[in-house]
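J.: I have a structure I would like to understand better, so I am pasting it below and will then ask my questions one at a time.
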Amino acid sequence: MQAILPYVINGISVGGQYALIAIGYTLVYGILRLINFAHGDVFMVAGLVMVYATTALPMYVALPLVLIVTVILGFTIERVAYKPLRTAPRMSVMISAIGVSYLIQNLAFYITGGVPQPVTNPIPWISENVTIFGESTKRVTLVTPVLTIVLVFALVYLINHTKIGMAMRAAAKDFETAQLMGIKINAVISMTFVIGSFLAAVGAMLYFTNYPSVAITSGGMPGLKAFVAAVFGGIGSIPGAVVGAFIIGLCEEIIKGLGYTTFSDAFTFALLIVVLCVKPTGLFGEKVTDKV
Amino acid sequence: MLKIENLHVNYGGIQALRGISLEVPDGKIVTLIGANGAGKSTTLRTITGLVKAASGSIQWNGEELLGKSIDRIISEGIAMSPEGRRVFPDMTVLENLKIGAYLRKDKAEIEKDIQWVYQLFPRLQERSWQLAGTLSGGEQQMLAVGRALMSRPKLMMLDEPSLGLAPLVVQDIFRIIQEINRQGVTVLLIEQNANMALKIADLAYVLETGNITMSGTGAELLVNEKVKEAYLGKHNS
């Protein structure tokens, strides 16, 4: 048991990072019924911006800058690549999303010259070592789940108790009727991209401090894992995405702890296949209540 | 006053409206009757801006509505209770009413209007915390009407409020439509239940395949032979 503990702690932390990305997928899906394939790349860009910004600027400027740049990127992607396709078939929007994903990767290739950018202790405080239950670990491992939970509660409050949250819920259910209430649908959609990108940026800052470098493909794996988490939890559902992400993070790390490191990725994707076969709506997926 | 002139609307290659003109004077109940696919809903949807017109004009108190965004049109005092009610099923009754006042900022007045809607529909007050999706059809229709009222409209448009409801409930709804009208709200009502609609209407228009073929007061059309035959059933009183 003692031997598995550090893996559990790690798993919760990794789960938190996945959750921050997964919410972006699930929010956008909830409102546009679109899998935003560019989301993982937005995450990667946030990592790159962090590397550049923290080497050039003091931390209290650099970190907000990462958030702002990422949010602007998410907002712009929606306006440029998805909004013009609002009345197009869903398949067209999805292909546009794949296009954006490659575009971002290639722009990043152009800027970085294809060289992975080394992460050199960008946020020293969270990389310090701390001891928990007799295990030594980086502070980020503890900060991540706490920050994730705080942000999730803030988001759930926003959605359930504010006017913009009410507009988001209405738009997610019924575009037309939401518009009849006077809700500006494009503003609501932009808002979901802003929130999703903001959370991905936070996730990226926590995630990449644990890694030696950011490469242009670095968004791929965490993006995919978070996507699986969102599907596992029931895409469209925020609690689902969070629970799914923590379960996947924990399972992956525990599998590593048991000595099957090679299989930890395979487990996640096998899980996706099983979920899609057995319960496609996921843990907390929308009940389809088509009332005539 | 709402004034529609020579309105053409194309819908996926079909001419849904072929140059209709009609007027909805302030303080009146105006009804638009016609068969399925005649263009009734399209007319309402074009007024709210959900559907784009090909040509013509829709003037609201002398201001052109065509080309304006939906939220602008709603903010000018036009509200619609859509066909099939379309309440937000995962929101409570109270939340559905609050979202009807989405564009308003006067909190105290919104609270008053919620009480006003509860007075009109006591059933909604009893079910205030229930999710709208769990309401019966009639209650959902009441909620849809109440939700539209929450924007304090000058013009209230109702698309088939009687659809799929029991006769007693329909009478209730129509009684409240008249009550709303007495309180100063202009009503534009679309109905397949022509008998009920004509009885309460000051003015009525008959729509057939995108054209207005007849118009007059509600009482005139009620006794009109052609209307009787096509929309009321011959033996209807």
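Chains: A, B, ... in order of the structure tokens. Residues: from 1 per chain. Ligands: from 1, in order shown.
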Please identify which residues in range 50-285 of chain A DSSP calls strand (DSSP E) from the backbone, and express them as a ChimeraX atom specification.
T.: /A:117-118,129-132,135-138,213-214
J.: For chain A, report every residue with an atom at most 10 Å from chain B (counting only C-alpha atoms), formatted as a list in words.
T.: Asn160, Lys163, Ile164, Met166, Ala167, Arg169, Ala170, Ala171, Ala172, Lys173, Asp174, Glu176, Thr177, Ala178, Gln179, Leu180, Met181, Gly182, Ile183, Lys184, Ile185, Thr289, Lys291 and Val292 of chain A
J.: Could the residues in this selection be written to a file with C-alpha atoms, as a compact mmCIF listing (two decimals), in the first residue's frame?
T.:
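New file selection.txt:
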```txt
# COMPACT_ATOMS: atom_id res chain seq x y z
CA ASN A 160 -26.04 27.62 -12.33
CA LYS A 163 -27.24 35.31 -16.00
CA ILE A 164 -24.58 34.33 -18.53
CA MET A 166 -28.40 30.67 -17.57
CA ALA A 167 -27.92 31.84 -21.15
CA ARG A 169 -27.69 26.43 -20.37
CA ALA A 170 -30.54 27.73 -22.51
CA ALA A 171 -28.40 27.87 -25.65
CA ALA A 172 -27.10 24.36 -25.00
CA LYS A 173 -30.68 23.08 -25.02
CA ASP A 174 -32.30 25.09 -27.77
CA GLU A 176 -33.75 29.15 -31.41
CA THR A 177 -35.75 29.56 -28.25
CA ALA A 178 -32.70 30.98 -26.49
CA GLN A 179 -32.57 33.63 -29.21
CA LEU A 180 -36.24 34.38 -28.70
CA MET A 181 -35.38 35.28 -25.11
CA GLY A 182 -33.02 37.91 -26.51
CA ILE A 183 -29.87 35.89 -25.84
CA LYS A 184 -27.03 36.73 -28.23
CA ILE A 185 -26.05 33.26 -29.29
CA THR A 289 -35.75 12.44 -23.39
CA LYS A 291 -40.91 13.96 -25.71
CA VAL A 292 -43.34 14.24 -28.55
```
J.: How would you write, as a PyMOL selection string, the set of residues in range 65-176 of chain B that DSSP gives as helix (DSSP H, G or I)?
T.: chain B and resi 70-75+93-100+107-120+122-126+132-134+137-149+167-176
J.: For the selection you just gave me, I'd like the residues written to a file as an mmCIF file, in the first residue's frame, keeping C-alpha atoms.
T.:
```cif
data_model
loop_
_atom_site.group_PDB
_atom_site.id
_atom_site.type_symbol
_atom_site.label_atom_id
_atom_site.label_comp_id
_atom_site.auth_asym_id
_atom_site.auth_seq_id
_atom_site.Cartn_x
_atom_site.Cartn_y
_atom_site.Cartn_z
ATOM 1 C CA ILE B 70 -33.236 38.941 -33.069
ATOM 2 C CA ASP B 71 -32.227 40.398 -29.713
ATOM 3 C CA ARG B 72 -32.875 43.928 -31.046
ATOM 4 C CA ILE B 73 -36.351 42.932 -32.218
ATOM 5 C CA ILE B 74 -37.154 41.272 -28.893
ATOM 6 C CA SER B 75 -35.888 44.315 -27.002
ATOM 7 C CA VAL B 93 -40.461 26.882 -13.787
ATOM 8 C CA LEU B 94 -39.058 29.933 -12.009
ATOM 9 C CA GLU B 95 -35.854 29.880 -14.070
ATOM 10 C CA ASN B 96 -37.896 29.637 -17.257
ATOM 11 C CA LEU B 97 -39.745 32.771 -16.223
ATOM 12 C CA LYS B 98 -36.533 34.553 -15.290
ATOM 13 C CA ILE B 99 -34.944 33.783 -18.616
ATOM 14 C CA GLY B 100 -37.975 35.358 -20.277
ATOM 15 C CA LYS B 107 -34.903 43.496 -10.756
ATOM 16 C CA ALA B 108 -37.751 44.764 -8.622
ATOM 17 C CA GLU B 109 -40.082 45.018 -11.606
ATOM 18 C CA ILE B 110 -39.101 41.541 -12.791
ATOM 19 C CA GLU B 111 -40.082 40.212 -9.372
ATOM 20 C CA LYS B 112 -43.471 41.953 -9.704
ATOM 21 C CA ASP B 113 -44.015 40.471 -13.140
ATOM 22 C CA ILE B 114 -43.241 36.978 -11.867
ATOM 23 C CA GLN B 115 -46.018 37.488 -9.323
ATOM 24 C CA TRP B 116 -48.275 38.771 -12.118
ATOM 25 C CA VAL B 117 -47.636 35.640 -14.197
ATOM 26 C CA TYR B 118 -48.310 33.505 -11.113
ATOM 27 C CA GLN B 119 -51.613 35.308 -10.708
ATOM 28 C CA LEU B 120 -52.545 34.565 -14.303
ATOM 29 C CA PRO B 122 -51.721 29.820 -10.306
ATOM 30 C CA ARG B 123 -50.663 26.322 -11.397
ATOM 31 C CA LEU B 124 -47.208 27.641 -12.237
ATOM 32 C CA GLN B 125 -46.727 29.039 -8.768
ATOM 33 C CA GLU B 126 -47.503 25.655 -7.229
ATOM 34 C CA ALA B 132 -40.240 22.411 -16.705
ATOM 35 C CA GLY B 133 -39.734 19.096 -18.501
ATOM 36 C CA THR B 134 -41.886 17.358 -15.880
ATOM 37 C CA GLY B 137 -48.568 19.807 -21.905
ATOM 38 C CA GLY B 138 -51.060 22.390 -20.722
ATOM 39 C CA GLU B 139 -48.795 23.589 -17.945
ATOM 40 C CA GLN B 140 -45.904 23.827 -20.369
ATOM 41 C CA GLN B 141 -48.055 25.966 -22.650
ATOM 42 C CA MET B 142 -48.920 28.221 -19.717
ATOM 43 C CA LEU B 143 -45.224 28.465 -18.923
ATOM 44 C CA ALA B 144 -44.374 29.334 -22.516
ATOM 45 C CA VAL B 145 -46.953 32.125 -22.455
ATOM 46 C CA GLY B 146 -45.767 33.302 -19.042
ATOM 47 C CA ARG B 147 -42.162 33.251 -20.171
ATOM 48 C CA ALA B 148 -43.010 35.403 -23.186
ATOM 49 C CA LEU B 149 -44.891 37.840 -20.932
ATOM 50 C CA PRO B 167 -60.489 21.219 -24.774
ATOM 51 C CA LEU B 168 -60.860 22.470 -21.206
ATOM 52 C CA VAL B 169 -57.217 23.490 -21.056
ATOM 53 C CA VAL B 170 -57.580 25.217 -24.427
ATOM 54 C CA GLN B 171 -60.449 27.267 -23.032
ATOM 55 C CA ASP B 172 -58.265 28.246 -20.094
ATOM 56 C CA ILE B 173 -55.455 29.359 -22.352
ATOM 57 C CA PHE B 174 -57.771 31.382 -24.569
ATOM 58 C CA ARG B 175 -59.369 33.023 -21.557
ATOM 59 C CA ILE B 176 -55.940 34.133 -20.413
#
```
J.: Mind checking which residues fall within 10 Å of Met44 in chain A, counting only C-alpha atoms, ignoring those fewer than 5 positions away in the same chain, and posting them as a PDB file with N, CA and C atoms, in the first residue's frame?
T.:
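Once everything was written out, this is result-v9.pdb:
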```pdb
ATOM      1  N   ALA A  38      -9.067  21.194 -32.066  1.00  0.00           N
ATOM      2  CA  ALA A  38      -7.940  22.116 -31.901  1.00  0.00           C
ATOM      3  C   ALA A  38      -7.634  22.374 -30.432  1.00  0.00           C
ATOM      4  N   HIS A  39      -8.465  21.831 -29.544  1.00  0.00           N
ATOM      5  CA  HIS A  39      -8.310  22.172 -28.129  1.00  0.00           C
ATOM      6  C   HIS A  39      -6.963  21.727 -27.548  1.00  0.00           C
ATOM      7  N   VAL A  49       3.790  29.513 -24.922  1.00  0.00           N
ATOM      8  CA  VAL A  49       3.765  30.911 -24.491  1.00  0.00           C
ATOM      9  C   VAL A  49       4.366  31.020 -23.094  1.00  0.00           C
ATOM     10  N   MET A  50       4.059  30.025 -22.255  1.00  0.00           N
ATOM     11  CA  MET A  50       4.612  30.051 -20.896  1.00  0.00           C
ATOM     12  C   MET A  50       6.144  30.003 -20.950  1.00  0.00           C
ATOM     13  N   THR A  70      -3.839  32.750 -24.543  1.00  0.00           N
ATOM     14  CA  THR A  70      -4.575  31.510 -24.820  1.00  0.00           C
ATOM     15  C   THR A  70      -6.063  31.795 -25.027  1.00  0.00           C
ATOM     16  N   ILE A 104      -2.390  25.203 -36.334  1.00  0.00           N
ATOM     17  CA  ILE A 104      -1.704  25.658 -35.117  1.00  0.00           C
ATOM     18  C   ILE A 104      -0.375  24.929 -34.961  1.00  0.00           C
ATOM     19  N   GLN A 105      -0.400  23.610 -35.186  1.00  0.00           N
ATOM     20  CA  GLN A 105       0.842  22.847 -35.052  1.00  0.00           C
ATOM     21  C   GLN A 105       1.907  23.354 -36.019  1.00  0.00           C
ATOM     22  N   ALA A 108       3.236  26.681 -34.996  1.00  0.00           N
ATOM     23  CA  ALA A 108       4.159  26.473 -33.884  1.00  0.00           C
ATOM     24  C   ALA A 108       5.490  25.931 -34.402  1.00  0.00           C
ATOM     25  N   ALA A 200      -7.737  25.533 -20.064  1.00  0.00           N
ATOM     26  CA  ALA A 200      -6.645  24.804 -20.715  1.00  0.00           C
ATOM     27  C   ALA A 200      -5.315  25.489 -20.432  1.00  0.00           C
ATOM     28  N   ALA A 201      -5.310  26.811 -20.386  1.00  0.00           N
ATOM     29  CA  ALA A 201      -4.076  27.549 -20.104  1.00  0.00           C
ATOM     30  C   ALA A 201      -3.595  27.263 -18.685  1.00  0.00           C
ATOM     31  N   ALA A 204      -2.196  23.857 -18.724  1.00  0.00           N
ATOM     32  CA  ALA A 204      -0.900  23.795 -19.407  1.00  0.00           C
ATOM     33  C   ALA A 204       0.217  24.259 -18.479  1.00  0.00           C
ATOM     34  N   MET A 205      -0.035  25.318 -17.717  1.00  0.00           N
ATOM     35  CA  MET A 205       1.003  25.832 -16.809  1.00  0.00           C
ATOM     36  C   MET A 205       1.363  24.791 -15.755  1.00  0.00           C
ATOM     37  N   PHE A 208       3.042  21.443 -17.847  1.00  0.00           N
ATOM     38  CA  PHE A 208       4.368  21.510 -18.466  1.00  0.00           C
ATOM     39  C   PHE A 208       5.496  21.778 -17.470  1.00  0.00           C
ATOM     40  N   VAL A 214       8.506  21.646 -24.251  1.00  0.00           N
ATOM     41  CA  VAL A 214       7.245  21.711 -24.978  1.00  0.00           C
ATOM     42  C   VAL A 214       7.541  21.557 -26.460  1.00  0.00           C
ATOM     43  N   ALA A 215       6.992  20.524 -27.075  1.00  0.00           N
ATOM     44  CA  ALA A 215       7.156  20.345 -28.514  1.00  0.00           C
ATOM     45  C   ALA A 215       5.828  20.655 -29.201  1.00  0.00           C
ATOM     46  N   ILE A 216       5.846  20.773 -30.524  1.00  0.00           N
ATOM     47  CA  ILE A 216       4.612  21.175 -31.221  1.00  0.00           C
ATOM     48  C   ILE A 216       3.544  20.084 -31.143  1.00  0.00           C
ATOM     49  N   THR A 217       3.954  18.866 -30.827  1.00  0.00           N
ATOM     50  CA  THR A 217       2.957  17.794 -30.724  1.00  0.00           C
ATOM     51  C   THR A 217       2.591  17.507 -29.269  1.00  0.00           C
ATOM     52  N   SER A 218       3.092  18.348 -28.359  1.00  0.00           N
ATOM     53  CA  SER A 218       2.885  18.079 -26.930  1.00  0.00           C
ATOM     54  C   SER A 218       1.418  18.120 -26.519  1.00  0.00           C
ATOM     55  N   GLY A 219       0.589  18.815 -27.314  1.00  0.00           N
ATOM     56  CA  GLY A 219      -0.826  18.892 -26.943  1.00  0.00           C
ATOM     57  C   GLY A 219      -1.569  17.624 -27.279  1.00  0.00           C
ATOM     58  N   GLY A 220      -1.000  16.806 -28.153  1.00  0.00           N
ATOM     59  CA  GLY A 220      -1.713  15.643 -28.675  1.00  0.00           C
ATOM     60  C   GLY A 220      -2.163  14.664 -27.607  1.00  0.00           C
ATOM     61  N   PRO A 222      -2.058  14.664 -24.047  1.00  0.00           N
ATOM     62  CA  PRO A 222      -2.977  15.128 -22.991  1.00  0.00           C
ATOM     63  C   PRO A 222      -4.343  15.516 -23.564  1.00  0.00           C
ATOM     64  N   GLY A 223      -4.351  16.077 -24.766  1.00  0.00           N
ATOM     65  CA  GLY A 223      -5.621  16.438 -25.400  1.00  0.00           C
ATOM     66  C   GLY A 223      -6.499  15.220 -25.608  1.00  0.00           C
TER      67      GLY A 223
END
```
J.: Give me, as a list in words, all polymer residues having an atom no more than 9 Å from Val51 in chain A, counting only C-alpha atoms and skipping those fewer than 5 positions away in the same chain.
T.: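 Those residues are Ala46, Ala56, Gln117, Pro118, Val119, Thr120, Pro122, Ser213 and Val214 of chain A.
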J.: Fewer than 5 positions away in the same chain doesn't count, so skip those; otherwise give me all residues within 9 Å of Ile58 in chain B, counting only C-alpha atoms, as an mmCIF file with N, CA and C atoms, in the first residue's frame.
T.:
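Written out: around02.cif:
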```
data_model
loop_
_atom_site.group_PDB
_atom_site.id
_atom_site.type_symbol
_atom_site.label_atom_id
_atom_site.label_comp_id
_atom_site.auth_asym_id
_atom_site.auth_seq_id
_atom_site.Cartn_x
_atom_site.Cartn_y
_atom_site.Cartn_z
ATOM 1 N N LEU B 2 -48.081 46.929 -35.873
ATOM 2 C CA LEU B 2 -47.219 46.128 -36.736
ATOM 3 C C LEU B 2 -47.833 46.122 -38.138
ATOM 4 N N LYS B 3 -46.998 46.440 -39.120
ATOM 5 C CA LYS B 3 -47.521 46.538 -40.487
ATOM 6 C C LYS B 3 -46.610 45.752 -41.419
ATOM 7 N N ILE B 4 -47.151 44.711 -42.023
ATOM 8 C CA ILE B 4 -46.365 43.893 -42.953
ATOM 9 C C ILE B 4 -46.804 44.232 -44.368
ATOM 10 N N GLU B 5 -45.833 44.492 -45.236
ATOM 11 C CA GLU B 5 -46.177 44.824 -46.615
ATOM 12 C C GLU B 5 -45.424 43.966 -47.605
ATOM 13 N N ASN B 6 -46.175 43.303 -48.452
ATOM 14 C CA ASN B 6 -45.632 42.571 -49.591
ATOM 15 C C ASN B 6 -44.431 41.693 -49.207
ATOM 16 N N LEU B 7 -44.603 40.920 -48.153
ATOM 17 C CA LEU B 7 -43.497 40.127 -47.610
ATOM 18 C C LEU B 7 -43.318 38.813 -48.373
ATOM 19 N N THR B 46 -40.480 35.159 -39.223
ATOM 20 C CA THR B 46 -39.845 36.257 -39.945
ATOM 21 C C THR B 46 -39.923 37.549 -39.138
ATOM 22 N N ILE B 47 -41.049 37.741 -38.445
ATOM 23 C CA ILE B 47 -41.181 38.952 -37.625
ATOM 24 C C ILE B 47 -40.113 38.972 -36.538
ATOM 25 N N GLU B 63 -40.956 51.641 -37.564
ATOM 26 C CA GLU B 63 -39.546 51.292 -37.713
ATOM 27 C C GLU B 63 -39.409 49.962 -38.432
ATOM 28 N N GLU B 64 -38.477 49.894 -39.361
ATOM 29 C CA GLU B 64 -38.294 48.664 -40.129
ATOM 30 C C GLU B 64 -37.629 47.588 -39.261
ATOM 31 N N LEU B 65 -38.230 46.396 -39.233
ATOM 32 C CA LEU B 65 -37.651 45.310 -38.436
ATOM 33 C C LEU B 65 -36.720 44.417 -39.251
ATOM 34 N N LEU B 66 -36.997 44.323 -40.550
ATOM 35 C CA LEU B 66 -36.187 43.426 -41.382
ATOM 36 C C LEU B 66 -34.731 43.868 -41.343
#
```
